[in-house]
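One structure is given here, and the rest of the page talks about it.
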Amino acid sequence: MANKFAIVTGASTGIGFELASIAAENGYDLLVVADEKLIDAAAQDFKQHGVEVIAVEADLATLQGVDALLAAADGRQVDLLCANAGRGLGHAFLDQDVSEWRQVVDTNITGTLYLLQKVLKTMVARDDGKVLITGSIAGFIPGSFQAVYNGSKAFVDSFADAIRNEIKDSKGVTVTTLMPGPVETEFFDRADMLDTSVGSSDSKSDPSDVARDGWDALMKGEAHIVSGWKNKVQAAIAHVTPAAVLAEQHRKMAEPGSADEG
């Protein structure tokens, strides 16, 4: 009997790598994707669990990249999707090139939605499937000096809640939103935020812990999971704190050079 089949995006490092590892441990054949050649090395790690692994290097900020990913599935039924690919961007919005913030929007929003629409249509049609979307508690906080990223995650968090309601009659399909806080990954280096308070902090979450929280919630069919007790507290506070206060607090974490002020 064929193994179940999972797609994991952003699987070369960080949370995506850990999610793919857990899926492989649980007997899922994998289709993994990232926008870097490192995905091929990651695939070799996943294969050690005795499952079939297809690795694709593609830019999921483009519709063509998503199409290339889906073509690699070769018509196989997708039982599980971890829509984890994301991109960050630090510094002041007015200093950012259009191409930089467009890449964040197109990766975190456009490509993610296109992939979800394609995969969820078939899941809903057969009334069976599980989806995990990596959002963030950043979506609750106006992200001074990380404005586009936080705004994109606010969109993702909200969209997941809406689509979950739209398909609520499909009892066999679940959509779970994983909402971590800062995680110890390459995210802050790629976002040019190593000189910030949040980027240089040694209190970031371990990606393996975050992935395990997300996987457990996914398997239970839960709607949301905020990973880590500190992040649960921060998320709760964010819901009752004025936006101007949250924005100023975020500025102290994400403003360039803030790492030197601690």
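Labels used: A, B, ... for chains in the order of the structure tokens, numbers from 1 for residues in each chain, and numbers from 1 for ligands as shown.
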
Worksheet item: range 41-44 of chain A: which residues within 7 Å, counting only C-alpha atoms, same-chain residues fewer than 4 positions away excluded, as a PyMOL selection string?
Response: chain A and resi 12+48+53+55

Worksheet entry | All alpha helix (DSSP H) positions in range 135-258 of chain A, as a PyMOL selection string | chain A and resi 147-166+187-190+197-200+207-220+229-238+243-254

Worksheet item: So, counting only C-alpha atoms, which residue among A:Leu63, A:Val175, A:Ala243, A:Ile15 is closest to Ser205 in chain A?
Response: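 Checking each of A:Leu63, A:Val175, A:Ala243, A:Ile15 against Ser205 in chain A, counting only C-alpha atoms, the winner is A:Ile15.
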
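Among the candidates A:Ile133, A:Val51, A:Val32, A:Ala6, the residue lying nearest to Val78 in chain A is A:Ala6 (atoms considered: only C-alpha atoms).
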
Worksheet item: CA of Phe187 in chain A and CA of Leu31 in chain A are how many Å apart?
Response: 22.1 Å

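Residue nearest Ser21 in chain A within the list A:Leu194, A:Ala211, A:Ala125, A:Ala238: A:Ala211 [criterion: smallest interatomic distance, only C-alpha atoms].
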
Worksheet item: How would you write, as JSON, numbers by chain, the set of residues in range 118-258 of chain A that DSSP gives as strand (DSSP E or B)?
Response: {"A": [129, 130, 131, 132, 133, 134, 173, 174, 175, 176, 177, 178, 179, 183, 205, 224, 225, 226]}

Item to complete: Tell me which protein, DNA and RNA residues are within 10 Å of Ala223 in chain A, counting only C-alpha atoms, leaving out same-chain ones fewer than 3 positions away, and put them as JSON, numbers by chain.
Response: {"A": [132, 160, 161, 164, 174, 175, 176, 177, 178, 217, 218, 220]}

Restrict the selected residues to C-alpha atoms and save them as a PDB file, in the first residue's frame.
```
ATOM      1  CA  LEU A 132      -0.680  23.518   7.920  1.00  0.00           C
ATOM      2  CA  ALA A 160      -6.494  31.088   7.083  1.00  0.00           C
ATOM      3  CA  ASP A 161      -9.340  31.897   9.472  1.00  0.00           C
ATOM      4  CA  ARG A 164     -11.333  27.570   7.292  1.00  0.00           C
ATOM      5  CA  THR A 174      -8.582  20.651   8.237  1.00  0.00           C
ATOM      6  CA  VAL A 175      -6.616  23.911   8.032  1.00  0.00           C
ATOM      7  CA  THR A 176      -4.251  24.631  10.919  1.00  0.00           C
ATOM      8  CA  THR A 177      -2.349  27.895  11.404  1.00  0.00           C
ATOM      9  CA  LEU A 178       1.057  27.640  13.094  1.00  0.00           C
ATOM     10  CA  ALA A 217      -1.895  20.570  16.201  1.00  0.00           C
ATOM     11  CA  LEU A 218      -2.142  19.527  12.543  1.00  0.00           C
ATOM     12  CA  LYS A 220      -5.451  16.915  15.897  1.00  0.00           C
TER      13      LYS A 220
END
```
